[in-house]
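Coordinates as given in data02.cif (mmCIF, N, CA and C atoms):
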data_run
#
loop_
_atom_site.group_PDB
_atom_site.id
_atom_site.type_symbol
_atom_site.label_atom_id
_atom_site.label_comp_id
_atom_site.auth_asym_id
_atom_site.auth_seq_id
_atom_site.Cartn_x
_atom_site.Cartn_y
_atom_site.Cartn_z
ATOM 1 N N MET A 113 76.121 22.990 162.101
ATOM 2 C CA MET A 113 76.102 24.376 161.720
ATOM 3 C C MET A 113 76.331 24.443 160.214
ATOM 4 N N THR A 114 75.409 25.056 159.564
ATOM 5 C CA THR A 114 75.447 25.064 158.104
ATOM 6 C C THR A 114 75.788 26.426 157.510
ATOM 7 N N ASP A 115 76.093 27.411 158.337
ATOM 8 C CA ASP A 115 76.352 28.752 157.837
ATOM 9 C C ASP A 115 77.830 29.100 157.830
ATOM 10 N N GLY A 116 78.683 28.169 157.442
ATOM 11 C CA GLY A 116 80.112 28.441 157.394
ATOM 12 C C GLY A 116 80.753 28.308 158.761
ATOM 13 N N ASP A 117 81.819 29.052 158.981
ATOM 14 C CA ASP A 117 82.572 29.017 160.233
ATOM 15 C C ASP A 117 82.036 30.086 161.181
ATOM 16 N N PRO A 118 81.338 29.692 162.245
ATOM 17 C CA PRO A 118 80.736 30.690 163.136
ATOM 18 C C PRO A 118 81.755 31.419 164.010
ATOM 19 N N HIS A 119 82.930 30.832 164.202
ATOM 20 C CA HIS A 119 84.042 31.396 164.967
ATOM 21 C C HIS A 119 83.579 32.046 166.273
ATOM 22 N N THR A 120 83.498 33.364 166.340
ATOM 23 C CA THR A 120 83.180 34.038 167.606
ATOM 24 C C THR A 120 81.723 33.898 168.012
ATOM 25 N N ALA A 121 80.867 33.462 167.120
ATOM 26 C CA ALA A 121 79.450 33.300 167.451
ATOM 27 C C ALA A 121 79.117 31.871 167.874
ATOM 28 N N SER A 122 80.105 31.035 168.093
ATOM 29 C CA SER A 122 79.839 29.621 168.376
ATOM 30 C C SER A 122 79.084 29.403 169.692
ATOM 31 N N LEU A 123 79.359 30.179 170.731
ATOM 32 C CA LEU A 123 78.641 29.994 172.001
ATOM 33 C C LEU A 123 77.159 30.353 171.887
ATOM 34 N N PRO A 124 76.802 31.530 171.354
ATOM 35 C CA PRO A 124 75.368 31.805 171.228
ATOM 36 C C PRO A 124 74.670 30.882 170.236
ATOM 37 N N LEU A 125 75.365 30.440 169.195
ATOM 38 C CA LEU A 125 74.756 29.496 168.255
ATOM 39 C C LEU A 125 74.500 28.145 168.920
ATOM 40 N N ALA A 126 75.447 27.686 169.723
ATOM 41 C CA ALA A 126 75.266 26.417 170.437
ATOM 42 C C ALA A 126 74.131 26.534 171.454
ATOM 43 N N TYR A 127 74.027 27.680 172.128
ATOM 44 C CA TYR A 127 72.937 27.914 173.075
ATOM 45 C C TYR A 127 71.596 27.893 172.345
ATOM 46 N N ASP A 128 71.510 28.576 171.219
ATOM 47 C CA ASP A 128 70.275 28.605 170.439
ATOM 48 C C ASP A 128 69.871 27.208 169.985
ATOM 49 N N ARG A 129 70.833 26.426 169.543
ATOM 50 C CA ARG A 129 70.546 25.058 169.108
ATOM 51 C C ARG A 129 70.068 24.202 170.282
ATOM 52 N N ALA A 130 70.705 24.346 171.437
ATOM 53 C CA ALA A 130 70.304 23.570 172.617
ATOM 54 C C ALA A 130 68.879 23.916 173.044
ATOM 55 N N ILE A 131 68.522 25.189 172.982
ATOM 56 C CA ILE A 131 67.152 25.597 173.309
ATOM 57 C C ILE A 131 66.182 24.995 172.302
ATOM 58 N N ALA A 132 66.506 25.093 171.020
ATOM 59 C CA ALA A 132 65.622 24.583 169.968
ATOM 60 C C ALA A 132 65.417 23.073 170.081
ATOM 61 N N GLU A 133 66.464 22.343 170.476
ATOM 62 C CA GLU A 133 66.383 20.882 170.581
ATOM 63 C C GLU A 133 65.834 20.420 171.930
ATOM 64 N N GLY A 134 65.660 21.331 172.867
ATOM 65 C CA GLY A 134 65.175 20.954 174.193
ATOM 66 C C GLY A 134 66.233 20.313 175.069
ATOM 67 N N SER A 135 67.488 20.489 174.723
ATOM 68 C CA SER A 135 68.588 19.864 175.474
ATOM 69 C C SER A 135 68.784 20.440 176.869
ATOM 70 N N LEU A 136 68.247 21.618 177.127
ATOM 71 C CA LEU A 136 68.459 22.256 178.423
ATOM 72 C C LEU A 136 67.287 22.075 179.377
ATOM 73 N N THR A 137 66.303 21.283 178.984
ATOM 74 C CA THR A 137 65.147 21.033 179.840
ATOM 75 C C THR A 137 65.606 20.406 181.156
ATOM 76 N N GLY A 138 65.153 20.983 182.248
ATOM 77 C CA GLY A 138 65.533 20.477 183.564
ATOM 78 C C GLY A 138 66.745 21.165 184.164
ATOM 79 N N TYR A 139 67.437 21.966 183.384
ATOM 80 C CA TYR A 139 68.602 22.705 183.889
ATOM 81 C C TYR A 139 68.186 24.125 184.231
ATOM 82 N N THR A 140 68.877 24.743 185.169
ATOM 83 C CA THR A 140 68.565 26.108 185.563
ATOM 84 C C THR A 140 69.652 27.104 185.173
ATOM 85 N N HIS A 141 70.859 26.616 184.891
ATOM 86 C CA HIS A 141 71.978 27.496 184.550
ATOM 87 C C HIS A 141 72.803 26.903 183.409
ATOM 88 N N VAL A 142 73.468 27.800 182.680
ATOM 89 C CA VAL A 142 74.406 27.396 181.630
ATOM 90 C C VAL A 142 75.706 28.150 181.886
ATOM 91 N N LEU A 143 76.829 27.458 181.821
ATOM 92 C CA LEU A 143 78.136 28.089 181.978
ATOM 93 C C LEU A 143 78.779 28.225 180.608
ATOM 94 N N PHE A 144 79.006 29.467 180.190
ATOM 95 C CA PHE A 144 79.691 29.743 178.932
ATOM 96 C C PHE A 144 81.159 29.998 179.248
ATOM 97 N N VAL A 145 82.068 29.289 178.578
ATOM 98 C CA VAL A 145 83.498 29.455 178.786
ATOM 99 C C VAL A 145 84.162 29.643 177.431
ATOM 100 N N ALA A 146 85.029 30.648 177.327
ATOM 101 C CA ALA A 146 85.710 30.920 176.066
ATOM 102 C C ALA A 146 87.179 31.242 176.332
ATOM 103 N N ALA A 147 88.011 30.900 175.373
ATOM 104 C CA ALA A 147 89.437 31.212 175.456
ATOM 105 C C ALA A 147 89.811 32.063 174.256
ATOM 106 N N GLY A 148 90.656 33.037 174.491
ATOM 107 C CA GLY A 148 91.100 33.915 173.421
ATOM 108 C C GLY A 148 92.575 33.718 173.141
ATOM 109 N N ALA A 149 93.113 34.613 172.346
ATOM 110 C CA ALA A 149 94.536 34.552 172.004
ATOM 111 C C ALA A 149 95.381 34.903 173.223
ATOM 112 N N GLY A 150 96.490 34.236 173.359
ATOM 113 C CA GLY A 150 97.359 34.505 174.497
ATOM 114 C C GLY A 150 96.731 34.034 175.795
ATOM 115 N N PRO A 151 96.963 34.758 176.876
ATOM 116 C CA PRO A 151 96.463 34.323 178.181
ATOM 117 C C PRO A 151 95.069 34.869 178.519
ATOM 118 N N SER A 152 94.232 35.082 177.524
ATOM 119 C CA SER A 152 92.910 35.632 177.816
ATOM 120 C C SER A 152 91.838 34.549 177.800
ATOM 121 N N ALA A 153 90.919 34.664 178.722
ATOM 122 C CA ALA A 153 89.798 33.725 178.819
ATOM 123 C C ALA A 153 88.657 34.437 179.522
ATOM 124 N N ALA A 154 87.466 33.882 179.378
ATOM 125 C CA ALA A 154 86.299 34.471 180.023
ATOM 126 C C ALA A 154 85.285 33.383 180.335
ATOM 127 N N ALA A 155 84.448 33.661 181.310
ATOM 128 C CA ALA A 155 83.366 32.743 181.652
ATOM 129 C C ALA A 155 82.177 33.563 182.140
ATOM 130 N N ALA A 156 80.985 33.042 181.863
ATOM 131 C CA ALA A 156 79.761 33.692 182.328
ATOM 132 C C ALA A 156 78.755 32.617 182.705
ATOM 133 N N LEU A 157 78.158 32.763 183.862
ATOM 134 C CA LEU A 157 77.113 31.852 184.312
ATOM 135 C C LEU A 157 75.773 32.510 184.013
ATOM 136 N N TYR A 158 74.970 31.857 183.194
ATOM 137 C CA TYR A 158 73.697 32.406 182.735
ATOM 138 C C TYR A 158 72.551 31.629 183.359
ATOM 139 N N ARG A 159 71.642 32.326 184.023
ATOM 140 C CA ARG A 159 70.451 31.690 184.595
ATOM 141 C C ARG A 159 69.390 31.605 183.498
ATOM 142 N N LEU A 160 68.920 30.397 183.216
ATOM 143 C CA LEU A 160 67.952 30.194 182.154
ATOM 144 C C LEU A 160 66.596 30.763 182.540
ATOM 145 N N PRO A 161 65.873 31.318 181.565
ATOM 146 C CA PRO A 161 64.507 31.771 181.833
ATOM 147 C C PRO A 161 63.640 30.590 182.274
ATOM 148 N N ALA A 162 62.648 30.835 183.071
ATOM 149 C CA ALA A 162 61.798 29.780 183.641
ATOM 150 C C ALA A 162 61.162 28.898 182.577
ATOM 151 N N GLU A 163 60.753 29.444 181.437
ATOM 152 C CA GLU A 163 60.079 28.625 180.412
ATOM 153 C C GLU A 163 61.004 27.602 179.757
ATOM 154 N N THR A 164 62.325 27.746 179.856
ATOM 155 C CA THR A 164 63.233 26.762 179.265
ATOM 156 C C THR A 164 63.590 25.644 180.231
ATOM 157 N N THR A 165 63.266 25.805 181.513
ATOM 158 C CA THR A 165 63.664 24.804 182.506
ATOM 159 C C THR A 165 62.552 23.836 182.830
ATOM 160 N N ALA A 166 61.361 24.096 182.354
ATOM 161 C CA ALA A 166 60.226 23.216 182.673
ATOM 162 C C ALA A 166 60.215 21.973 181.814
#

Let's see the structure in the file written out as structure tokens.
Amino acid sequence: MTDGDPHTASLPLAYDRAIAEGSLTGYTHVLFVAAGAGPSAAAALYRLPAETTA
């Protein structure tokens, strides 16, 4: 990552890079997991569009 500290944008930036590099070929889902300050956390299961899984 060359645009400084992405901080809160790190998950979508990593997803964009994985798509660009073809790292997700053959996969159908991506699990995004994040932790916040204190006892907060979140997760989202994302179904990849068909053109990225071929």

Interatomic distance between atom CA of Leu125 of chain A and atom CA of Ala155 of chain A? 16.3 Å

So how many Å separate atom CA of Ala121 of chain A and atom CA of Gly148 of chain A, to one decimal?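 A separation of 13.1 Å between them.
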
I'd like the interatomic distance between atom C of Thr137 of chain A and atom N of Pro124 of chain A, to a tenth of an Å.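 These atoms are spaced 18.6 Å apart.
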
For the provided coordinates, the residues matched by the PyMOL selection byres ((chain A and resi 141) around 6.5) should be stated as a VMD selection string. chain A and resid 139 to 140 142 to 143 157 to 160

Would you give me, as JSON, numbers by chain, the residues in chain A that DSSP reads as helix (DSSP H, G or I)? {"A": [119, 120, 121, 122, 123, 124, 125, 126, 127, 128, 129, 130, 131, 132, 133, 162, 163, 164, 165]}

Going by DSSP on the backbone, which bits of chain A are strand (DSSP E)? Write them as a PDB file with N, CA and C atoms, in the frame of the given file, please.
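Below is the file part26.pdb, written as the result:
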ATOM      1  N   HIS A 141      70.859  26.616 184.891  1.00  0.00           N
ATOM      2  CA  HIS A 141      71.978  27.496 184.550  1.00  0.00           C
ATOM      3  C   HIS A 141      72.803  26.903 183.409  1.00  0.00           C
ATOM      4  N   VAL A 142      73.468  27.800 182.680  1.00  0.00           N
ATOM      5  CA  VAL A 142      74.406  27.396 181.630  1.00  0.00           C
ATOM      6  C   VAL A 142      75.706  28.150 181.886  1.00  0.00           C
ATOM      7  N   LEU A 143      76.829  27.458 181.821  1.00  0.00           N
ATOM      8  CA  LEU A 143      78.136  28.089 181.978  1.00  0.00           C
ATOM      9  C   LEU A 143      78.779  28.225 180.608  1.00  0.00           C
ATOM     10  N   PHE A 144      79.006  29.467 180.190  1.00  0.00           N
ATOM     11  CA  PHE A 144      79.691  29.743 178.932  1.00  0.00           C
ATOM     12  C   PHE A 144      81.159  29.998 179.248  1.00  0.00           C
ATOM     13  N   VAL A 145      82.068  29.289 178.578  1.00  0.00           N
ATOM     14  CA  VAL A 145      83.498  29.455 178.786  1.00  0.00           C
ATOM     15  C   VAL A 145      84.162  29.643 177.431  1.00  0.00           C
ATOM     16  N   ALA A 146      85.029  30.648 177.327  1.00  0.00           N
ATOM     17  CA  ALA A 146      85.710  30.920 176.066  1.00  0.00           C
ATOM     18  C   ALA A 146      87.179  31.242 176.332  1.00  0.00           C
ATOM     19  N   ALA A 147      88.011  30.900 175.373  1.00  0.00           N
ATOM     20  CA  ALA A 147      89.437  31.212 175.456  1.00  0.00           C
ATOM     21  C   ALA A 147      89.811  32.063 174.256  1.00  0.00           C
ATOM     22  N   ALA A 153      90.919  34.664 178.722  1.00  0.00           N
ATOM     23  CA  ALA A 153      89.798  33.725 178.819  1.00  0.00           C
ATOM     24  C   ALA A 153      88.657  34.437 179.522  1.00  0.00           C
ATOM     25  N   ALA A 154      87.466  33.882 179.378  1.00  0.00           N
ATOM     26  CA  ALA A 154      86.299  34.471 180.023  1.00  0.00           C
ATOM     27  C   ALA A 154      85.285  33.383 180.335  1.00  0.00           C
ATOM     28  N   ALA A 155      84.448  33.661 181.310  1.00  0.00           N
ATOM     29  CA  ALA A 155      83.366  32.743 181.652  1.00  0.00           C
ATOM     30  C   ALA A 155      82.177  33.563 182.140  1.00  0.00           C
ATOM     31  N   ALA A 156      80.985  33.042 181.863  1.00  0.00           N
ATOM     32  CA  ALA A 156      79.761  33.692 182.328  1.00  0.00           C
ATOM     33  C   ALA A 156      78.755  32.617 182.705  1.00  0.00           C
ATOM     34  N   LEU A 157      78.158  32.763 183.862  1.00  0.00           N
ATOM     35  CA  LEU A 157      77.113  31.852 184.312  1.00  0.00           C
ATOM     36  C   LEU A 157      75.773  32.510 184.013  1.00  0.00           C
ATOM     37  N   TYR A 158      74.970  31.857 183.194  1.00  0.00           N
ATOM     38  CA  TYR A 158      73.697  32.406 182.735  1.00  0.00           C
ATOM     39  C   TYR A 158      72.551  31.629 183.359  1.00  0.00           C
ATOM     40  N   ARG A 159      71.642  32.326 184.023  1.00  0.00           N
ATOM     41  CA  ARG A 159      70.451  31.690 184.595  1.00  0.00           C
ATOM     42  C   ARG A 159      69.390  31.605 183.498  1.00  0.00           C
TER      43      ARG A 159
END
